[in-house]
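K.L.:
What follows is the file my_file-v9.cif, containing mmCIF, C-alpha atoms:
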```cif
data_run
#
loop_
_atom_site.label_atom_id
_atom_site.label_comp_id
_atom_site.auth_asym_id
_atom_site.auth_seq_id
_atom_site.Cartn_x
_atom_site.Cartn_y
_atom_site.Cartn_z
CA MET D 1 16.54 -1.89 -32.87
CA THR D 2 16.19 -5.41 -31.50
CA THR D 3 18.20 -4.50 -28.43
CA GLU D 4 16.04 -1.47 -27.77
CA THR D 5 12.82 -3.43 -28.08
CA HIS D 6 14.19 -6.04 -25.74
CA ALA D 7 15.22 -3.43 -23.15
CA ARG D 8 11.74 -1.95 -23.16
CA ARG D 9 10.10 -5.28 -22.33
CA GLU D 10 12.14 -5.65 -19.18
CA LEU D 11 10.76 -5.35 -15.68
CA GLU D 12 13.23 -4.27 -13.01
CA PHE D 13 12.48 -6.01 -9.74
CA TRP D 14 13.94 -4.24 -6.68
CA PHE D 15 13.63 -6.41 -3.60
CA GLU D 16 14.98 -7.28 -0.15
CA PHE D 17 14.99 -10.68 1.56
CA ALA D 18 13.98 -9.12 4.88
CA SER D 19 10.86 -7.58 3.34
CA THR D 20 7.55 -9.37 3.83
CA TYR D 21 5.85 -7.98 0.75
CA SER D 22 8.96 -8.78 -1.33
CA TYR D 23 8.28 -12.42 -0.44
CA LEU D 24 4.93 -12.26 -2.24
CA SER D 25 6.52 -10.78 -5.36
CA VAL D 26 9.53 -13.12 -5.42
CA MET D 27 7.12 -16.06 -5.43
CA ARG D 28 4.72 -14.57 -8.01
CA ILE D 29 6.79 -12.58 -10.51
CA GLU D 30 8.27 -15.22 -12.80
CA PRO D 31 5.13 -16.94 -14.11
CA LEU D 32 3.26 -13.61 -14.39
CA ALA D 33 6.09 -12.01 -16.37
CA ALA D 34 6.67 -15.10 -18.52
CA SER D 35 2.99 -15.24 -19.49
CA ARG D 36 3.42 -11.79 -21.05
CA GLY D 37 6.86 -12.41 -22.51
CA VAL D 38 8.38 -9.88 -20.11
CA THR D 39 11.94 -10.40 -18.81
CA VAL D 40 12.55 -9.96 -15.08
CA VAL D 41 15.76 -8.14 -14.14
CA HIS D 42 16.68 -8.70 -10.49
CA ARG D 43 17.80 -5.65 -8.52
CA PRO D 44 18.64 -6.69 -4.94
CA PHE D 45 19.17 -3.66 -2.67
CA LEU D 46 19.29 -2.94 1.05
CA LEU D 47 16.29 -1.37 2.77
CA GLY D 48 18.25 -0.42 5.90
CA PRO D 49 20.02 2.63 4.44
CA ILE D 50 16.80 3.74 2.72
CA PHE D 51 14.89 3.53 6.00
CA ARG D 52 17.66 5.32 7.89
CA GLU D 53 17.40 8.18 5.41
CA ALA D 54 13.69 8.43 6.31
CA GLY D 55 14.70 8.70 9.96
CA TRP D 56 13.86 5.11 10.93
CA SER D 57 16.43 2.95 12.73
CA THR D 58 14.54 -0.23 11.74
CA SER D 59 11.54 -1.40 9.70
CA PRO D 60 8.61 1.05 9.68
CA PHE D 61 6.52 -1.94 10.80
CA LEU D 62 8.39 -1.78 14.12
CA VAL D 63 8.49 2.03 14.24
CA TYR D 64 4.69 2.14 13.81
CA PRO D 65 3.32 -0.83 15.79
CA GLN D 66 -0.28 -0.49 14.54
CA LYS D 67 0.97 -0.68 10.97
CA GLY D 68 3.07 -3.68 11.97
CA ALA D 69 0.17 -5.52 13.58
CA TYR D 70 -1.89 -4.94 10.47
CA MET D 71 0.92 -6.10 8.18
CA TRP D 72 1.18 -9.51 9.87
CA ARG D 73 -2.55 -10.11 9.46
CA ASP D 74 -2.47 -8.82 5.90
CA MET D 75 0.45 -11.13 4.99
CA GLU D 76 -1.48 -14.09 6.35
CA ARG D 77 -4.49 -13.21 4.20
CA GLN D 78 -2.42 -12.36 1.12
CA CYS D 79 -0.52 -15.65 1.26
CA LYS D 80 -3.80 -17.54 1.52
CA LYS D 81 -5.13 -15.58 -1.45
CA PHE D 82 -2.08 -16.36 -3.60
CA GLY D 83 -1.78 -19.97 -2.45
CA LEU D 84 1.57 -19.41 -0.74
CA SER D 85 2.83 -20.99 2.47
CA TRP D 86 3.31 -18.64 5.39
CA ARG D 87 4.72 -18.70 8.88
CA GLN D 88 5.31 -15.48 10.76
CA PRO D 89 9.06 -15.29 11.51
CA THR D 90 10.04 -15.04 15.16
CA GLY D 91 12.70 -12.52 14.14
CA PHE D 92 11.84 -9.43 12.08
CA PRO D 93 13.38 -7.84 10.19
CA ARG D 94 16.00 -10.56 9.72
CA ASN D 95 19.58 -9.60 8.93
CA SER D 96 19.64 -10.27 5.20
CA LEU D 97 23.13 -9.02 4.35
CA LEU D 98 24.77 -12.32 3.41
CA PRO D 99 22.00 -13.64 1.12
CA MET D 100 21.64 -10.13 -0.37
CA ARG D 101 25.33 -10.25 -1.28
CA VAL D 102 24.88 -13.66 -2.86
CA ALA D 103 21.94 -12.32 -4.87
CA THR D 104 24.12 -9.38 -5.92
CA LEU D 105 26.63 -11.88 -7.27
CA GLY D 106 23.92 -13.90 -8.95
CA VAL D 107 21.83 -11.32 -10.77
CA ASP D 108 23.09 -12.50 -14.17
CA GLN D 109 23.18 -16.18 -13.27
CA PRO D 110 20.58 -18.78 -14.23
CA TRP D 111 20.07 -19.65 -10.55
CA ILE D 112 19.06 -16.15 -9.34
CA SER D 113 15.32 -16.78 -9.36
CA ASP D 114 15.51 -20.18 -7.62
CA PHE D 115 17.94 -18.78 -5.05
CA CYS D 116 15.63 -15.85 -4.23
CA LYS D 117 12.63 -18.11 -3.82
CA ALA D 118 14.57 -20.54 -1.63
CA ILE D 119 15.83 -17.79 0.70
CA MET D 120 12.36 -16.25 0.97
CA LEU D 121 10.87 -19.64 1.84
CA GLU D 122 13.52 -20.07 4.56
CA ASN D 123 12.59 -16.68 6.05
CA PHE D 124 8.82 -16.77 5.74
CA THR D 125 7.87 -20.43 5.92
CA GLN D 126 10.73 -22.09 7.86
CA ASP D 127 11.45 -19.34 10.38
CA ALA D 128 15.15 -19.77 9.57
CA ASP D 129 17.88 -17.21 10.22
CA ILE D 130 18.64 -16.28 6.61
CA GLY D 131 21.60 -14.15 7.69
CA ALA D 132 23.47 -17.22 8.94
CA GLU D 133 26.12 -18.75 6.70
CA ALA D 134 24.83 -22.28 7.39
CA CYS D 135 21.39 -21.37 6.07
CA VAL D 136 22.66 -19.72 2.90
CA ALA D 137 25.16 -22.54 2.30
CA ALA D 138 22.41 -25.16 2.64
CA VAL D 139 20.24 -23.30 0.13
CA LEU D 140 23.10 -23.06 -2.39
CA GLU D 141 23.92 -26.74 -1.95
CA ARG D 142 20.30 -27.77 -2.50
CA LEU D 143 20.47 -25.85 -5.78
CA GLY D 144 23.56 -27.87 -6.76
CA LEU D 145 25.83 -24.82 -6.60
CA PRO D 146 29.41 -24.51 -5.25
CA ALA D 147 28.42 -23.02 -1.90
CA ALA D 148 31.87 -22.40 -0.43
CA GLN D 149 33.08 -20.66 -3.57
CA ILE D 150 29.99 -18.46 -3.86
CA LEU D 151 30.09 -17.53 -0.17
CA ASP D 152 33.73 -16.54 -0.57
CA ALA D 153 32.92 -14.34 -3.52
CA ALA D 154 29.95 -12.84 -1.66
CA ARG D 155 32.46 -11.34 0.77
CA PHE D 156 34.72 -9.81 -1.88
CA GLU D 157 35.01 -6.07 -1.55
CA SER D 158 33.64 -5.76 -5.10
CA THR D 159 30.43 -7.57 -4.13
CA LYS D 160 29.90 -5.41 -1.06
CA LEU D 161 30.53 -2.34 -3.19
CA ALA D 162 28.11 -3.46 -5.89
CA LEU D 163 25.31 -3.91 -3.33
CA ARG D 164 26.06 -0.56 -1.71
CA SER D 165 26.14 1.09 -5.11
CA ARG D 166 22.81 -0.43 -6.13
CA THR D 167 21.28 0.76 -2.87
CA ASP D 168 22.54 4.29 -3.63
CA LEU D 169 20.97 4.01 -7.06
CA ALA D 170 17.65 2.96 -5.49
CA ARG D 171 17.71 6.05 -3.31
CA SER D 172 18.55 8.35 -6.21
CA ARG D 173 15.70 6.89 -8.27
CA GLY D 174 13.18 7.61 -5.52
CA VAL D 175 12.79 4.08 -4.11
CA PHE D 176 11.40 4.22 -0.55
CA GLY D 177 10.34 0.62 0.08
CA ALA D 178 10.26 -2.89 -1.32
CA PRO D 179 9.26 -4.46 -3.54
CA THR D 180 9.56 -1.74 -6.17
CA PHE D 181 9.28 -2.26 -9.91
CA PHE D 182 10.56 -0.11 -12.75
CA VAL D 183 9.50 -0.18 -16.36
CA GLY D 184 11.84 2.37 -17.87
CA ASP D 185 11.48 5.36 -15.54
CA GLU D 186 7.99 4.41 -14.43
CA MET D 187 8.10 3.28 -10.80
CA PHE D 188 5.59 0.99 -9.08
CA TRP D 189 5.68 0.35 -5.36
CA GLY D 190 4.44 -2.77 -3.65
CA ASN D 191 3.34 -6.27 -4.53
CA ASP D 192 -0.11 -4.78 -5.20
CA ARG D 193 1.31 -3.05 -8.30
CA LEU D 194 3.10 -6.08 -9.80
CA GLU D 195 0.34 -6.76 -12.34
CA ASP D 196 0.20 -3.09 -13.39
CA ALA D 197 3.97 -3.00 -13.87
CA ILE D 198 3.94 -6.15 -16.00
CA GLU D 199 1.08 -4.78 -18.05
CA LEU D 200 3.05 -1.62 -18.80
CA ALA D 201 6.17 -3.64 -19.71
CA ASP D 202 4.03 -5.77 -22.01
CA ALA D 203 2.53 -2.70 -23.70
CA ARG D 204 5.96 -1.33 -24.64
CA MET Y 1 -31.21 -14.14 13.38
CA THR Y 2 -32.09 -11.91 10.44
CA THR Y 3 -30.57 -8.91 12.18
CA GLU Y 4 -27.37 -10.76 12.86
CA THR Y 5 -27.06 -11.97 9.28
CA HIS Y 6 -27.67 -8.43 8.07
CA ALA Y 7 -25.02 -7.00 10.39
CA ARG Y 8 -22.49 -9.51 9.10
CA ARG Y 9 -22.97 -8.43 5.49
CA GLU Y 10 -22.01 -4.88 6.28
CA LEU Y 11 -18.80 -3.21 5.19
CA GLU Y 12 -17.56 -0.34 7.35
CA PHE Y 13 -15.94 2.33 5.22
CA TRP Y 14 -13.58 4.61 7.15
CA PHE Y 15 -12.55 7.58 5.02
CA GLU Y 16 -11.32 11.18 4.93
CA PHE Y 17 -12.05 13.82 2.28
CA ALA Y 18 -8.43 15.05 2.37
CA SER Y 19 -7.12 11.56 1.53
CA THR Y 20 -6.20 10.83 -2.07
CA TYR Y 21 -6.71 7.08 -1.88
CA SER Y 22 -10.05 7.61 -0.12
CA TYR Y 23 -11.14 9.39 -3.32
CA LEU Y 24 -10.67 6.16 -5.27
CA SER Y 25 -12.74 4.17 -2.79
CA VAL Y 26 -15.51 6.74 -2.43
CA MET Y 27 -15.99 6.62 -6.20
CA ARG Y 28 -15.77 2.81 -6.46
CA ILE Y 29 -17.36 1.33 -3.35
CA GLU Y 30 -21.11 1.57 -3.99
CA PRO Y 31 -21.43 -0.42 -7.23
CA LEU Y 32 -18.90 -3.02 -6.05
CA ALA Y 33 -20.71 -3.56 -2.75
CA ALA Y 34 -24.16 -3.51 -4.36
CA SER Y 35 -23.14 -6.19 -6.86
CA ARG Y 36 -22.49 -8.50 -3.89
CA GLY Y 37 -25.49 -7.41 -1.83
CA VAL Y 38 -23.17 -5.86 0.76
CA THR Y 39 -24.27 -2.75 2.66
CA VAL Y 40 -21.79 0.12 2.99
CA VAL Y 41 -21.69 1.83 6.39
CA HIS Y 42 -19.96 5.22 6.21
CA ARG Y 43 -17.46 6.01 8.97
CA PRO Y 44 -16.01 9.51 8.38
CA PHE Y 45 -13.05 10.20 10.68
CA LEU Y 46 -10.17 12.66 10.86
CA LEU Y 47 -6.70 11.61 9.77
CA GLY Y 48 -4.98 14.58 11.47
CA PRO Y 49 -5.14 13.24 15.05
CA ILE Y 50 -4.14 9.75 13.85
CA PHE Y 51 -1.11 11.15 12.03
CA ARG Y 52 -0.16 13.34 15.00
CA GLU Y 53 -0.14 10.22 17.17
CA ALA Y 54 2.38 8.70 14.74
CA GLY Y 55 4.52 11.82 15.22
CA TRP Y 56 3.61 13.52 11.93
CA SER Y 57 2.41 17.12 11.88
CA THR Y 58 0.90 16.67 8.43
CA SER Y 59 0.30 14.00 5.77
CA PRO Y 60 3.04 11.34 5.55
CA PHE Y 61 3.15 12.22 1.85
CA LEU Y 62 4.61 15.60 2.86
CA VAL Y 63 6.74 14.19 5.68
CA TYR Y 64 8.32 11.71 3.23
CA PRO Y 65 8.70 13.62 -0.08
CA GLN Y 66 9.76 10.57 -2.13
CA LYS Y 67 6.62 8.75 -1.04
CA GLY Y 68 4.63 11.87 -1.87
CA ALA Y 69 6.11 12.20 -5.35
CA TYR Y 70 5.29 8.55 -6.01
CA MET Y 71 1.75 8.94 -4.69
CA TRP Y 72 0.88 11.71 -7.18
CA ARG Y 73 2.07 9.61 -10.10
CA ASP Y 74 0.31 6.53 -8.72
CA MET Y 75 -2.97 8.43 -8.29
CA GLU Y 76 -2.77 9.58 -11.91
CA ARG Y 77 -2.30 5.99 -13.08
CA GLN Y 78 -4.92 4.55 -10.72
CA CYS Y 79 -7.56 7.06 -11.83
CA LYS Y 80 -6.85 6.21 -15.46
CA LYS Y 81 -7.16 2.51 -14.62
CA PHE Y 82 -10.51 2.97 -12.86
CA GLY Y 83 -11.87 5.46 -15.40
CA LEU Y 84 -11.99 8.31 -12.90
CA SER Y 85 -11.30 11.99 -13.55
CA TRP Y 86 -8.24 13.39 -11.84
CA ARG Y 87 -6.57 16.75 -11.31
CA GLN Y 88 -3.80 17.09 -8.76
CA PRO Y 89 -5.00 19.63 -6.17
CA THR Y 90 -2.84 22.74 -5.71
CA GLY Y 91 -3.41 22.41 -1.97
CA PHE Y 92 -2.68 19.20 -0.08
CA PRO Y 93 -3.83 18.01 2.32
CA ARG Y 94 -6.91 20.23 2.17
CA ASN Y 95 -8.64 21.26 5.39
CA SER Y 96 -11.58 18.88 5.36
CA LEU Y 97 -13.14 19.68 8.73
CA LEU Y 98 -16.38 21.25 7.56
CA PRO Y 99 -17.36 18.60 4.98
CA MET Y 100 -16.24 15.88 7.44
CA ARG Y 101 -18.70 17.31 9.96
CA VAL Y 102 -21.44 17.33 7.35
CA ALA Y 103 -20.66 13.69 6.55
CA THR Y 104 -20.79 12.92 10.28
CA LEU Y 105 -24.30 14.37 10.32
CA GLY Y 106 -25.27 12.49 7.20
CA VAL Y 107 -24.06 8.94 7.85
CA ASP Y 108 -27.63 7.66 8.21
CA GLN Y 109 -29.11 9.86 5.52
CA PRO Y 110 -29.95 8.79 1.96
CA TRP Y 111 -27.67 11.55 0.59
CA ILE Y 112 -24.43 10.43 2.30
CA SER Y 113 -22.99 8.61 -0.70
CA ASP Y 114 -23.79 11.37 -3.22
CA PHE Y 115 -22.45 14.00 -0.84
CA CYS Y 116 -19.17 12.12 -0.39
CA LYS Y 117 -18.69 11.67 -4.11
CA ALA Y 118 -19.47 15.33 -4.79
CA ILE Y 119 -16.96 16.60 -2.18
CA MET Y 120 -14.27 14.24 -3.46
CA LEU Y 121 -14.84 15.44 -7.03
CA GLU Y 122 -14.50 19.05 -5.83
CA ASN Y 123 -11.17 18.21 -4.17
CA PHE Y 124 -9.61 15.95 -6.76
CA THR Y 125 -11.06 17.06 -10.10
CA GLN Y 126 -12.05 20.72 -9.56
CA ASP Y 127 -9.14 21.81 -7.35
CA ALA Y 128 -11.72 23.46 -5.05
CA ASP Y 129 -11.16 24.39 -1.41
CA ILE Y 130 -13.47 21.82 0.18
CA GLY Y 131 -12.98 23.36 3.62
CA ALA Y 132 -14.72 26.57 2.53
CA GLU Y 133 -18.37 27.03 3.48
CA ALA Y 134 -19.22 28.27 -0.03
CA CYS Y 135 -17.96 25.04 -1.58
CA VAL Y 136 -19.83 22.76 0.83
CA ALA Y 137 -23.00 24.87 0.55
CA ALA Y 138 -22.89 24.67 -3.24
CA VAL Y 139 -22.51 20.89 -3.11
CA LEU Y 140 -25.48 20.54 -0.72
CA GLU Y 141 -27.61 22.82 -2.88
CA ARG Y 142 -26.81 20.86 -6.01
CA LEU Y 143 -28.06 17.78 -4.16
CA GLY Y 144 -31.34 19.61 -3.41
CA LEU Y 145 -30.62 19.72 0.34
CA PRO Y 146 -31.27 22.57 2.82
CA ALA Y 147 -27.68 23.83 2.88
CA ALA Y 148 -27.98 26.55 5.53
CA GLN Y 149 -29.75 24.22 7.95
CA ILE Y 150 -27.23 21.39 7.47
CA LEU Y 151 -24.25 23.74 7.80
CA ASP Y 152 -25.72 25.08 11.06
CA ALA Y 153 -26.13 21.57 12.43
CA ALA Y 154 -22.61 20.67 11.27
CA ARG Y 155 -21.33 23.21 13.80
CA PHE Y 156 -23.38 21.90 16.74
CA GLU Y 157 -21.22 20.76 19.62
CA SER Y 158 -22.79 17.31 19.29
CA THR Y 159 -21.60 16.97 15.68
CA LYS Y 160 -18.07 18.02 16.56
CA LEU Y 161 -18.11 15.57 19.45
CA ALA Y 162 -19.40 12.72 17.26
CA LEU Y 163 -16.57 13.23 14.77
CA ARG Y 164 -13.98 13.43 17.53
CA SER Y 165 -15.40 10.32 19.14
CA ARG Y 166 -15.36 8.37 15.88
CA THR Y 167 -11.74 9.41 15.35
CA ASP Y 168 -10.91 8.09 18.84
CA LEU Y 169 -12.64 4.84 17.95
CA ALA Y 170 -10.56 4.58 14.76
CA ARG Y 171 -7.38 4.93 16.80
CA SER Y 172 -8.49 2.35 19.35
CA ARG Y 173 -9.33 -0.13 16.58
CA GLY Y 174 -5.87 0.17 15.08
CA VAL Y 175 -6.67 2.43 12.11
CA PHE Y 176 -3.51 4.18 10.89
CA GLY Y 177 -4.56 5.53 7.49
CA ALA Y 178 -7.41 5.92 5.02
CA PRO Y 179 -9.30 4.40 3.46
CA THR Y 180 -9.74 1.55 5.92
CA PHE Y 181 -12.44 -1.12 5.77
CA PHE Y 182 -13.80 -3.34 8.51
CA VAL Y 183 -15.80 -6.53 8.13
CA GLY Y 184 -16.53 -7.38 11.74
CA ASP Y 185 -13.12 -7.11 13.40
CA GLU Y 186 -11.22 -7.83 10.22
CA MET Y 187 -9.41 -4.70 9.08
CA PHE Y 188 -8.31 -3.89 5.53
CA TRP Y 189 -6.17 -0.87 4.71
CA GLY Y 190 -6.15 0.97 1.42
CA ASN Y 191 -8.14 1.15 -1.77
CA ASP Y 192 -6.11 -1.86 -2.96
CA ARG Y 193 -7.97 -4.03 -0.42
CA LEU Y 194 -11.51 -2.86 -1.23
CA GLU Y 195 -12.30 -5.96 -3.31
CA ASP Y 196 -10.92 -8.31 -0.63
CA ALA Y 197 -13.01 -6.62 2.05
CA ILE Y 198 -16.18 -6.87 -0.02
CA GLU Y 199 -15.46 -10.52 -0.74
CA LEU Y 200 -15.16 -11.26 2.97
CA ALA Y 201 -18.39 -9.38 3.74
CA ASP Y 202 -20.11 -11.34 0.99
CA ALA Y 203 -18.85 -14.66 2.38
CA ARG Y 204 -20.34 -14.02 5.82
#
```
Could I get this file's structure written as structure tokens?
P.N.:
Amino acid sequence: MTTETHARRELEFWFEFASTYSYLSVMRIEPLAASRGVTVVHRPFLLGPIFREAGWSTSPFLVYPQKGAYMWRDMERQCKKFGLSWRQPTGFPRNSLLPMRVATLGVDQPWISDFCKAIMLENFTQDADIGAEACVAAVLERLGLPAAQILDAARFESTKLALRSRTDLARSRGVFGAPTFFVGDEMFWGNDRLEDAIELADAR
Amino acid sequence: MTTETHARRELEFWFEFASTYSYLSVMRIEPLAASRGVTVVHRPFLLGPIFREAGWSTSPFLVYPQKGAYMWRDMERQCKKFGLSWRQPTGFPRNSLLPMRVATLGVDQPWISDFCKAIMLENFTQDADIGAEACVAAVLERLGLPAAQILDAARFESTKLALRSRTDLARSRGVFGAPTFFVGDEMFWGNDRLEDAIELADAR
């Protein structure tokens, strides 16, 4: 019974380091969830294959330039609203494969949340190339973690497979963008629905 | 000076009767704006030509079925959250041309807001065919308006031209969906940004 109750108060957080709106949720989710006693379960997945399935070779914000132009302005305003730093990256969407693999390794580790925030800050406030090994290594070192060892493990076939498999699962559950939240089978799309998702998790 | 101040406290509301998220804003906008002393300026426009420009022959919710499936569930939850009635229409997107032309005629009239709400309720709570003359006529009559006369004028070349022209203006201003709000040149997309748009209008 205890296990079941616990499972129901979990919020699944599906995110991508290349995704602008995932940045907002990565920075906001922990205190919001903690204030309701809801546990965040990290679900890193790749947007690329999801977008390709929709027929897009890149981010929809590049495929539809008017939507892209709006998104940059909206991000600026949203960051101001939430008190977050912001600097529009000169590269978008950034290749996020390496840090996504590290996050895949780290989902059960105590450092997952700090790692996600640090990578997002590199991408969206430092204009850093988060796909580069030097960037990811520096982040891991700053967190006091064994960078070389983790980067090695990030390239294990099992890690690649786990990320690919989670991306397949996203697709099969109807995920079409990031961030996406699940409370049980109830899906919420977008940082704008974070509060609603937490409220549902809290009510369970 | 007074005129300028007045103009700056206006919120432009760009909407479409076929649009699900426009329903939420049509029902919510008046009391929210009034509570801040902000004037709502109605800007009915057609989504069809905007979507065609993006390469879609119909609503993106049909083009991308996973997004569509999510939208129906989201609308159900959003309506519950805002205390609005909701019934998923059996036809989507409904042909909205006739009521959109009536709204184009009515933008400066005292009945515009009531007309918009009544048409939206027909579409999203009564499952009515809002493109049918009988439906629009019944709505106008219930509002105590000269239905036959308004429906005649809705088909004037000048009315058609005004709607087409406003749709062109939407495109040139970067509008890519509905609802969209403008405060001066600042654009906000989606019912989720209604409060932010009103706050900006209020701050001016």
K.L.:
Ranking D:Glu195, D:Asp114, D:Glu16, D:Asp74 by minimum distance to chain Y and counting all atoms listed in the file, which one comes first?
P.N.:
D:Asp74
K.L.:
So which residues get picked by the PyMOL selection byres ((chain Y and resi 81-88) around 10) here, written as an NGL selection string?
P.N.:
(:D and (196)) or (:Y and (20 or 23-24 or 27-28 or 72-73 or 75-80 or 89-92 or 121-127))
K.L.:
Would you write out, as number ranges by chain, every residue that the PyMOL selection byres ((chain Y) within 12 of (chain D)) captures in this file?
P.N.:
Y: 50-51, 53-56, 60-61, 63-75, 77-78, 80-81, 170-177, 180, 185-193, 196-197, 199-200
K.L.:
Distance atom CA of Y:Pro146-atom CA of Y:Arg43, one decimal place?
P.N.:
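A separation of 22.4 Å between them.
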K.L.:
Neighbouring residues of Y:Phe45 were defined as those with any atom within 9 Å, considering all atoms listed in the file; residues of the same chain fewer than 4 positions away were excluded. Please report them as a PDB file with C-alpha atoms, keeping the file's coordinate frame.
P.N.:
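selection.pdb written:
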```pdb
ATOM      1  CA  TRP Y  14     -13.580   4.610   7.150  1.00  0.00           C
ATOM      2  CA  PHE Y  15     -12.550   7.580   5.020  1.00  0.00           C
ATOM      3  CA  GLU Y  16     -11.320  11.180   4.930  1.00  0.00           C
ATOM      4  CA  MET Y 100     -16.240  15.880   7.440  1.00  0.00           C
ATOM      5  CA  THR Y 104     -20.790  12.920  10.280  1.00  0.00           C
ATOM      6  CA  LEU Y 163     -16.570  13.230  14.770  1.00  0.00           C
ATOM      7  CA  ARG Y 164     -13.980  13.430  17.530  1.00  0.00           C
ATOM      8  CA  SER Y 165     -15.400  10.320  19.140  1.00  0.00           C
ATOM      9  CA  ARG Y 166     -15.360   8.370  15.880  1.00  0.00           C
ATOM     10  CA  THR Y 167     -11.740   9.410  15.350  1.00  0.00           C
ATOM     11  CA  ASP Y 168     -10.910   8.090  18.840  1.00  0.00           C
ATOM     12  CA  ALA Y 170     -10.560   4.580  14.760  1.00  0.00           C
TER      13      ALA Y 170
END
```
K.L.:
Tell me, in Å to one decimal, how far atom CA of Y:Glu141 is from atom CA of Y:Pro110.
P.N.:
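Computing it gives 15.0 Å between the two atoms.
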